[in-house]
file protein.tsv (TSV, C-alpha atoms)
chain	number	residue	atom	x	y	z
I	61	MET	CA	-17.61	-52.39	-22.75
I	62	ILE	CA	-17.81	-55.16	-25.33
I	63	GLU	CA	-19.17	-54.47	-28.81
I	64	THR	CA	-20.94	-57.67	-29.83
I	65	HIS	CA	-22.15	-56.60	-33.28
I	66	ALA	CA	-20.34	-54.24	-35.65
I	67	HIS	CA	-19.62	-54.20	-39.36
I	68	LEU	CA	-16.18	-52.63	-39.68
I	69	ASN	CA	-15.71	-55.25	-42.39
I	70	PHE	CA	-18.18	-53.34	-44.62
I	71	GLU	CA	-17.32	-50.88	-47.40
I	72	ASP	CA	-18.33	-48.00	-45.12
I	73	PHE	CA	-15.08	-48.51	-43.22
I	74	LYS	CA	-12.75	-49.68	-46.01
I	75	ASP	CA	-10.56	-46.56	-45.83
I	76	ASP	CA	-10.33	-46.04	-42.07
I	77	TYR	CA	-11.26	-49.16	-40.11
I	78	THR	CA	-7.91	-49.01	-38.29
I	79	ASP	CA	-8.68	-45.49	-37.08
I	80	VAL	CA	-12.17	-46.56	-36.04
I	81	LEU	CA	-10.76	-49.47	-34.06
I	82	GLN	CA	-8.27	-47.20	-32.31
I	83	ARG	CA	-11.01	-44.73	-31.40
I	84	SER	CA	-13.00	-47.64	-30.03
I	85	PHE	CA	-10.16	-48.82	-27.83
I	86	ASP	CA	-9.47	-45.25	-26.70
I	87	ASN	CA	-13.12	-44.90	-25.66
I	88	GLY	CA	-13.45	-47.93	-23.42
I	89	ILE	CA	-14.23	-50.74	-25.87
I	90	LYS	CA	-12.47	-53.90	-24.73
I	91	ALA	CA	-13.50	-56.30	-27.51
I	92	ILE	CA	-15.28	-56.16	-30.88
I	93	ILE	CA	-17.05	-58.77	-32.97
I	94	ASN	CA	-17.36	-57.88	-36.67
I	95	VAL	CA	-20.27	-59.69	-38.29
I	96	GLY	CA	-20.44	-60.94	-41.87
I	97	SER	CA	-23.42	-60.61	-44.19
I	98	ASN	CA	-22.09	-62.75	-47.09
I	99	PHE	CA	-18.93	-64.69	-47.83
I	100	LYS	CA	-16.91	-61.63	-48.84
I	101	THR	CA	-17.69	-59.66	-45.70
I	102	SER	CA	-17.32	-62.78	-43.54
I	103	GLN	CA	-13.84	-63.32	-44.94
I	104	ARG	CA	-13.05	-59.65	-44.41
I	105	ALA	CA	-14.14	-59.90	-40.76
I	106	CYS	CA	-11.74	-62.80	-40.34
I	107	GLU	CA	-8.89	-60.87	-41.97
I	108	ILE	CA	-9.42	-57.89	-39.68
I	109	ALA	CA	-9.44	-60.21	-36.67
I	110	ARG	CA	-6.15	-61.73	-37.79
I	111	ASN	CA	-4.64	-58.26	-38.19
I	112	TYR	CA	-5.52	-57.61	-34.54
I	113	ILE	CA	-4.61	-60.92	-32.93
I	114	GLY	CA	-4.24	-60.46	-29.21
I	115	LYS	CA	-6.36	-57.29	-29.17
I	116	ASN	CA	-9.78	-58.91	-28.79
I	117	VAL	CA	-11.09	-58.35	-32.30
I	118	TYR	CA	-13.15	-61.29	-33.54
I	119	ALA	CA	-15.39	-62.39	-36.41
I	120	ALA	CA	-18.85	-63.83	-36.97
I	121	ILE	CA	-19.47	-65.43	-40.35
I	122	GLY	CA	-22.66	-66.02	-42.27
I	123	LEU	CA	-25.07	-65.13	-45.05
I	124	HIS	CA	-27.62	-62.47	-44.10
I	125	PRO	CA	-31.22	-63.43	-45.00
I	126	ILE	CA	-31.50	-60.47	-47.40
I	127	HIS	CA	-28.69	-62.02	-49.45
I	128	VAL	CA	-29.95	-65.61	-49.76
I	129	LEU	CA	-30.99	-65.00	-53.38
I	130	ASP	CA	-27.71	-63.27	-54.23
I	131	GLU	CA	-25.35	-66.15	-53.46
I	132	ASP	CA	-25.43	-69.74	-52.28
I	133	PHE	CA	-24.55	-70.60	-48.72
I	134	ASN	CA	-21.61	-72.91	-49.29
I	135	GLU	CA	-21.05	-74.65	-45.96
I	136	GLU	CA	-17.65	-75.99	-46.98
I	137	LYS	CA	-16.34	-72.48	-47.65
I	138	TYR	CA	-17.53	-71.29	-44.27
I	139	LYS	CA	-16.09	-74.35	-42.55
I	140	ALA	CA	-12.78	-73.56	-44.21
I	141	LEU	CA	-12.90	-70.03	-42.76
I	142	ILE	CA	-13.49	-71.38	-39.25
I	143	LYS	CA	-10.51	-73.70	-39.60
I	144	GLU	CA	-8.21	-71.18	-41.29
I	145	TYR	CA	-8.96	-68.49	-38.71
I	146	GLU	CA	-9.01	-70.83	-35.75
I	147	GLY	CA	-10.01	-69.09	-32.54
I	148	LEU	CA	-10.98	-65.88	-34.28
I	149	VAL	CA	-14.46	-66.91	-35.47
I	150	ARG	CA	-16.67	-66.65	-32.40
I	151	ALA	CA	-20.17	-66.90	-33.88
I	152	ILE	CA	-22.25	-67.89	-36.90
I	153	GLY	CA	-24.39	-65.20	-38.48
I	154	GLU	CA	-26.03	-63.00	-38.78
I	155	THR	CA	-28.78	-65.32	-39.89
I	156	GLY	CA	-32.53	-65.65	-39.55
I	157	PHE	CA	-35.43	-64.10	-41.42
I	158	ASP	CA	-36.05	-60.74	-43.06
I	159	PHE	CA	-39.51	-60.10	-44.49
I	160	PHE	CA	-39.07	-56.36	-44.76
I	161	HIS	CA	-36.84	-56.53	-47.84
I	162	GLN	CA	-38.07	-59.76	-49.45
I	163	GLU	CA	-40.44	-62.71	-49.10
I	164	ALA	CA	-38.18	-65.63	-50.06
I	165	GLU	CA	-39.38	-67.53	-47.00
I	166	GLU	CA	-38.50	-71.08	-48.05
I	167	LYS	CA	-35.01	-70.11	-49.18
I	168	GLN	CA	-34.42	-68.16	-45.98
I	169	LYS	CA	-35.60	-71.15	-43.97
I	170	GLU	CA	-33.26	-73.50	-45.84
I	171	VAL	CA	-30.25	-71.26	-45.35
I	172	PHE	CA	-31.09	-70.56	-41.72
I	173	LYS	CA	-31.14	-74.27	-40.91
I	174	LYS	CA	-27.72	-74.66	-42.53
I	175	HIS	CA	-26.37	-71.92	-40.28
I	176	LEU	CA	-27.79	-73.65	-37.21
I	177	ASN	CA	-26.19	-76.95	-38.20
I	178	LEU	CA	-22.86	-75.23	-38.78
I	179	ALA	CA	-23.03	-73.55	-35.39
I	180	GLN	CA	-23.84	-76.88	-33.76
I	181	GLU	CA	-20.96	-78.64	-35.53
I	182	PHE	CA	-18.41	-76.12	-34.27
I	183	SER	CA	-20.06	-75.36	-30.90
I	184	LEU	CA	-20.56	-71.70	-31.77
I	185	PRO	CA	-23.41	-69.33	-30.88
I	186	VAL	CA	-25.65	-67.91	-33.59
I	187	ILE	CA	-26.44	-64.24	-34.12
I	188	LEU	CA	-30.11	-63.99	-35.05
I	189	HIS	CA	-31.55	-61.39	-37.41
I	190	SER	CA	-35.32	-60.89	-37.26
I	191	ARG	CA	-37.08	-58.21	-39.26
I	192	GLY	CA	-40.73	-58.39	-40.19
I	193	GLY	CA	-42.83	-56.60	-42.75
I	194	GLU	CA	-45.30	-53.83	-42.11
I	195	LYS	CA	-48.28	-56.17	-41.63
I	196	GLU	CA	-46.56	-58.99	-39.71
I	197	PRO	CA	-43.70	-57.52	-37.67
I	198	LEU	CA	-43.45	-60.57	-35.41
I	199	LYS	CA	-43.43	-63.20	-38.16
I	200	PRO	CA	-39.64	-63.73	-38.28
I	201	TYR	CA	-39.43	-64.26	-34.52
I	202	LEU	CA	-42.19	-66.84	-34.68
I	203	LYS	CA	-40.59	-68.63	-37.65
I	204	ILE	CA	-37.31	-68.92	-35.76
I	205	LEU	CA	-39.06	-70.33	-32.70
I	206	GLU	CA	-40.95	-72.80	-34.89
I	207	ILE	CA	-37.71	-74.06	-36.41
I	208	PHE	CA	-36.08	-74.35	-32.99
I	209	GLU	CA	-38.87	-76.73	-31.96
I	210	SER	CA	-38.04	-79.02	-34.88
I	211	LEU	CA	-34.35	-79.40	-34.03
I	212	SER	CA	-32.73	-82.31	-32.23
I	213	PHE	CA	-30.33	-79.89	-30.50
I	214	LYS	CA	-30.62	-76.57	-28.66
I	215	PRO	CA	-28.93	-73.62	-30.36
I	216	LYS	CA	-27.38	-70.89	-28.28
I	217	GLY	CA	-26.80	-67.29	-29.19
I	218	VAL	CA	-28.19	-63.78	-29.25
I	219	LEU	CA	-31.30	-62.15	-30.64
I	220	HIS	CA	-29.67	-59.21	-32.44
I	221	CYS	CA	-31.25	-55.75	-32.62
I	222	PHE	CA	-34.19	-56.68	-30.43
I	223	SER	CA	-37.28	-54.53	-30.93
I	224	ALA	CA	-40.24	-56.75	-30.11
I	225	GLY	CA	-42.38	-57.03	-26.99
I	226	GLU	CA	-42.29	-58.86	-23.68
I	227	GLU	CA	-43.89	-62.09	-24.92
I	228	ILE	CA	-41.29	-62.59	-27.66
I	229	ALA	CA	-38.46	-61.72	-25.26
I	230	GLU	CA	-39.70	-64.30	-22.77
I	231	LYS	CA	-39.84	-67.03	-25.43
I	232	PHE	CA	-36.23	-66.46	-26.48
I	233	LEU	CA	-35.01	-66.10	-22.92
I	234	ALA	CA	-36.66	-69.44	-22.17
I	235	LYS	CA	-34.57	-70.93	-25.00
I	236	GLY	CA	-31.43	-69.67	-23.31
I	237	PHE	CA	-30.79	-66.82	-25.73
I	238	TYR	CA	-29.33	-63.44	-24.91
I	239	ILE	CA	-30.94	-60.20	-26.05
I	240	GLY	CA	-28.86	-57.74	-28.07
I	241	LEU	CA	-29.67	-54.07	-27.45
I	242	GLY	CA	-28.42	-51.24	-29.63
I	243	GLY	CA	-29.08	-47.67	-30.68
I	244	ILE	CA	-32.84	-48.19	-30.99
I	245	ILE	CA	-33.19	-48.02	-27.21
I	246	THR	CA	-31.88	-44.43	-27.23
I	247	PHE	CA	-34.35	-43.12	-29.81
I	248	SER	CA	-36.97	-40.61	-28.71
I	249	THR	CA	-40.26	-42.13	-27.52
I	250	ARG	CA	-43.09	-41.22	-29.85
I	251	GLY	CA	-45.29	-44.32	-29.44
I	252	GLU	CA	-44.94	-45.71	-32.98
I	253	SER	CA	-45.76	-49.25	-34.09
I	254	LEU	CA	-43.12	-51.99	-34.08
I	255	PRO	CA	-42.40	-51.63	-37.81
I	256	ALA	CA	-41.85	-47.92	-37.24
I	257	LEU	CA	-39.68	-48.72	-34.25
I	258	ARG	CA	-37.47	-50.92	-36.42
I	259	ARG	CA	-37.09	-48.04	-38.86
I	260	GLY	CA	-35.89	-45.83	-36.07
I	261	ALA	CA	-38.66	-44.84	-33.67
I	262	GLY	CA	-38.38	-44.98	-29.91
I	263	GLY	CA	-41.44	-46.81	-28.66
I	264	GLY	CA	-42.40	-46.72	-24.99
I	265	LYS	CA	-43.60	-50.32	-25.27
I	266	ASN	CA	-40.07	-51.43	-26.08
I	267	ARG	CA	-38.70	-49.62	-23.05
I	268	LYS	CA	-41.15	-51.39	-20.76
I	269	THR	CA	-40.02	-54.71	-22.19
I	270	ILE	CA	-36.36	-53.87	-21.64
I	271	GLU	CA	-37.12	-53.05	-18.00
I	272	LYS	CA	-38.20	-56.69	-17.55
I	273	ILE	CA	-35.35	-58.41	-19.41
I	274	PRO	CA	-32.83	-59.68	-16.83
I	275	LEU	CA	-29.61	-57.69	-17.04
I	276	GLU	CA	-27.72	-60.99	-16.91
I	277	ARG	CA	-29.14	-61.85	-20.33
I	278	ILE	CA	-28.35	-58.61	-22.19
I	279	VAL	CA	-25.42	-57.84	-24.47
I	280	LEU	CA	-24.66	-54.48	-26.08
I	281	GLU	CA	-24.15	-53.76	-29.76
I	282	THR	CA	-24.02	-50.80	-32.14
I	283	ASP	CA	-24.65	-52.48	-35.52
I	284	SER	CA	-22.15	-49.95	-36.93
I	285	PRO	CA	-22.39	-48.24	-39.39
I	286	TYR	CA	-26.16	-48.35	-38.83
I	287	LEU	CA	-28.53	-47.19	-36.07
I	288	ALA	CA	-26.37	-44.46	-34.53
I	289	PRO	CA	-27.65	-43.55	-31.05
I	290	GLU	CA	-29.84	-40.48	-30.55
I	291	GLU	CA	-26.91	-38.33	-29.45
I	292	VAL	CA	-25.15	-38.85	-32.80
I	293	ARG	CA	-28.08	-39.55	-35.13
I	294	GLY	CA	-27.33	-38.87	-38.76
I	295	THR	CA	-23.68	-39.88	-38.50
I	296	ARG	CA	-21.91	-43.10	-39.38
I	297	ASN	CA	-22.16	-45.25	-36.30
I	298	GLU	CA	-18.99	-46.57	-34.65
I	299	PRO	CA	-18.28	-48.99	-31.77
I	300	LYS	CA	-17.18	-46.10	-29.54
I	301	ASN	CA	-20.84	-45.03	-29.44
I	302	LEU	CA	-21.63	-48.10	-27.36
I	303	PHE	CA	-21.25	-45.76	-24.39
I	304	TYR	CA	-24.55	-44.04	-25.24
I	305	ILE	CA	-26.36	-47.37	-25.34
I	306	ALA	CA	-24.90	-48.47	-22.01
I	307	LYS	CA	-25.85	-45.09	-20.52
I	308	LYS	CA	-29.44	-45.40	-21.75
I	309	LEU	CA	-29.72	-48.95	-20.44
I	310	ALA	CA	-28.51	-47.72	-17.04
I	311	GLU	CA	-31.30	-45.15	-17.10
I	312	ILE	CA	-33.95	-47.70	-18.09
I	313	LYS	CA	-32.77	-50.23	-15.51
I	314	ARG	CA	-32.21	-47.57	-12.84
I	315	GLU	CA	-28.77	-49.01	-12.18
I	316	PRO	CA	-25.29	-47.44	-12.03
I	317	LEU	CA	-23.51	-47.29	-15.39
I	318	SER	CA	-20.61	-49.21	-13.89
I	319	LYS	CA	-22.92	-52.14	-13.11
I	320	ILE	CA	-24.39	-52.14	-16.62
I	321	VAL	CA	-20.91	-52.21	-18.14
I	322	LYS	CA	-19.64	-54.91	-15.80
I	323	ILE	CA	-22.53	-57.33	-16.24
I	324	THR	CA	-22.96	-56.90	-20.01
I	325	GLU	CA	-19.22	-57.49	-20.41
I	326	GLU	CA	-19.51	-60.68	-18.38
I	327	ASN	CA	-22.45	-61.78	-20.52
I	328	ALA	CA	-20.57	-61.21	-23.77
I	329	LYS	CA	-17.51	-63.03	-22.46
I	330	LYS	CA	-19.63	-66.00	-21.48
I	331	LEU	CA	-21.60	-66.18	-24.74
I	332	PHE	CA	-18.72	-65.63	-27.16
I	333	LYS	CA	-15.98	-67.16	-24.99
I	334	ILE	CA	-13.92	-64.00	-25.10

call {"tool": "encode", "arguments": {"input": "protein.tsv", "output": "structure tokens"}}
result
Amino acid sequence: MIETHAHLNFEDFKDDYTDVLQRSFDNGIKAIINVGSNFKTSQRACEIARNYIGKNVYAAIGLHPIHVLDEDFNEEKYKALIKEYEGLVRAIGETGFDFFHQEAEEKQKEVFKKHLNLAQEFSLPVILHSRGGEKEPLKPYLKILEIFESLSFKPKGVLHCFSAGEEIAEKFLAKGFYIGLGGIITFSTRGESLPALRRGAGGGKNRKTIEKIPLERIVLETDSPYLAPEEVRGTRNEPKNLFYIAKKLAEIKREPLSKIVKITEENAKKLFKI
């Protein structure tokens, strides 16, 4: 299994990230991408990757949309990271829009475009974050698609923590993007709205959408330390828990677990050039 989105570079793991990595490897994880949310955590992801050279631990660097008012997105500093940690930075992000925590739409748009340009310059995929507010849960997805239409190039990447419906999935699949599935797919089905789903509900509608997403376009992620799967809800999430997500996807797709693992690994290798 390949963990395409973790945050072992966050404070939650500052005292034991080495133990967490070892547990991951011992439990079938073959590669891990730690994702930055600002410059400090992006740099930390790179440092961890360097400490594990040759063991398939990589970094994604970027400024999360909830932090665009906290610090400037200095492209030159991020370019320097890519060059200093050559071969270890495998993606740009996470980046996109978040209207659940704030409404700084223009600033988020400005920073998002800078991420896309950086990804294009270095031929890297982008990791997209999309979280809407209570009244407009689909707004960030639509804003991203709108910006894509204005570009002179075609970004590639993954729609992280997917929790929307079939129509949105189809639009991103048509753009060549992969769909990132995590702990949300394991949560109990209680038929809540999409905003509730993003806060941790199951949602039968989401399951029906997942049934229709081609397996060849899915990658697995835990978003550790967040969104622990149903079997370990209430605990700090870790990459080793990717097993529960793969198991649930096998159930939804009605496919053997071995096939789910094999194909999602191939997808991650192709997208992130692992």

call {"tool": "atom_distance", "arguments": {"input": "protein.tsv", "atom1": "CA of Gly225 (chain I)", "atom2": "CA of Leu188 (chain I)"}}
result
16.2 Å

call {"tool": "atom_distance", "arguments": {"input": "protein.tsv", "atom1": "CA of Ala288 (chain I)", "atom2": "CA of Glu154 (chain I)"}}
result
19.0 Å

call {"tool": "residues_around", "arguments": {"input": "protein.tsv", "residues": "Lys330 (chain I)", "least_positions_apart": "5", "cutoff": "12 Å", "atoms": "all atoms listed in the file", "output": "list in words"}}
result
Ile62, Thr64, Arg150, Leu184, Pro185, Lys216, Gly217, Val218, Phe237, Tyr238, Glu276, Arg277, Ile278, Val279, Ile323, Thr324 and Glu325 of chain I

call {"tool": "closest_residue", "arguments": {"input": "protein.tsv", "among": "I:Gln82, I:Asn177, I:Thr155, I:Asn116", "to": "Gly96 (chain I)", "atoms": "all atoms listed in the file"}}
result
I:Thr155

call {"tool": "residues_near_point", "arguments": {"input": "protein.tsv", "point": "(-23.3, -65.3, -38.2)", "cutoff": "8 Å", "atoms": "only C-alpha atoms", "output": "PDB file with C-alpha atoms, keeping the file's coordinate frame"}}
result
ATOM      1  CA  VAL I  95     -20.270 -59.690 -38.290  1.00  0.00           C
ATOM      2  CA  GLY I  96     -20.440 -60.940 -41.870  1.00  0.00           C
ATOM      3  CA  SER I  97     -23.420 -60.610 -44.190  1.00  0.00           C
ATOM      4  CA  ALA I 120     -18.850 -63.830 -36.970  1.00  0.00           C
ATOM      5  CA  ILE I 121     -19.470 -65.430 -40.350  1.00  0.00           C
ATOM      6  CA  GLY I 122     -22.660 -66.020 -42.270  1.00  0.00           C
ATOM      7  CA  LEU I 123     -25.070 -65.130 -45.050  1.00  0.00           C
ATOM      8  CA  HIS I 124     -27.620 -62.470 -44.100  1.00  0.00           C
ATOM      9  CA  ALA I 151     -20.170 -66.900 -33.880  1.00  0.00           C
ATOM     10  CA  ILE I 152     -22.250 -67.890 -36.900  1.00  0.00           C
ATOM     11  CA  GLY I 153     -24.390 -65.200 -38.480  1.00  0.00           C
ATOM     12  CA  GLU I 154     -26.030 -63.000 -38.780  1.00  0.00           C
ATOM     13  CA  THR I 155     -28.780 -65.320 -39.890  1.00  0.00           C
ATOM     14  CA  HIS I 175     -26.370 -71.920 -40.280  1.00  0.00           C
ATOM     15  CA  VAL I 186     -25.650 -67.910 -33.590  1.00  0.00           C
ATOM     16  CA  ILE I 187     -26.440 -64.240 -34.120  1.00  0.00           C
ATOM     17  CA  LEU I 188     -30.110 -63.990 -35.050  1.00  0.00           C
TER      18      LEU I 188
END

call {"tool": "atom_distance", "arguments": {"input": "protein.tsv", "atom1": "CA of Asn94 (chain I)", "atom2": "CA of Val149 (chain I)"}}
result
9.6 Å

call {"tool": "residues_around", "arguments": {"input": "protein.tsv", "residues": "Val171 (chain I)", "least_positions_apart": "3", "cutoff": "8 Å", "atoms": "only C-alpha atoms", "output": "PyMOL selection string"}}
result
chain I and resi 125+128+133+167-168+174-175

call {"tool": "residues_around", "arguments": {"input": "protein.tsv", "residues": "Ala66 (chain I)", "least_positions_apart": "2", "cutoff": "10 Å", "atoms": "only C-alpha atoms", "output": "JSON list (two decimals) with C-alpha atoms, in the coordinates of the input"}}
result
[["chain", "number", "residue", "atom", "x", "y", "z"],
["I", 63, "GLU", "CA", -19.17, -54.47, -28.81],
["I", 64, "THR", "CA", -20.94, -57.67, -29.83],
["I", 68, "LEU", "CA", -16.18, -52.63, -39.68],
["I", 69, "ASN", "CA", -15.71, -55.25, -42.39],
["I", 70, "PHE", "CA", -18.18, -53.34, -44.62],
["I", 92, "ILE", "CA", -15.28, -56.16, -30.88],
["I", 93, "ILE", "CA", -17.05, -58.77, -32.97],
["I", 94, "ASN", "CA", -17.36, -57.88, -36.67],
["I", 95, "VAL", "CA", -20.27, -59.69, -38.29],
["I", 96, "GLY", "CA", -20.44, -60.94, -41.87],
["I", 105, "ALA", "CA", -14.14, -59.90, -40.76],
["I", 119, "ALA", "CA", -15.39, -62.39, -36.41],
["I", 120, "ALA", "CA", -18.85, -63.83, -36.97],
["I", 281, "GLU", "CA", -24.15, -53.76, -29.76],
["I", 282, "THR", "CA", -24.02, -50.80, -32.14],
["I", 283, "ASP", "CA", -24.65, -52.48, -35.52],
["I", 284, "SER", "CA", -22.15, -49.95, -36.93],
["I", 285, "PRO", "CA", -22.39, -48.24, -39.39],
["I", 286, "TYR", "CA", -26.16, -48.35, -38.83],
["I", 297, "ASN", "CA", -22.16, -45.25, -36.30],
["I", 298, "GLU", "CA", -18.99, -46.57, -34.65],
["I", 299, "PRO", "CA", -18.28, -48.99, -31.77]]
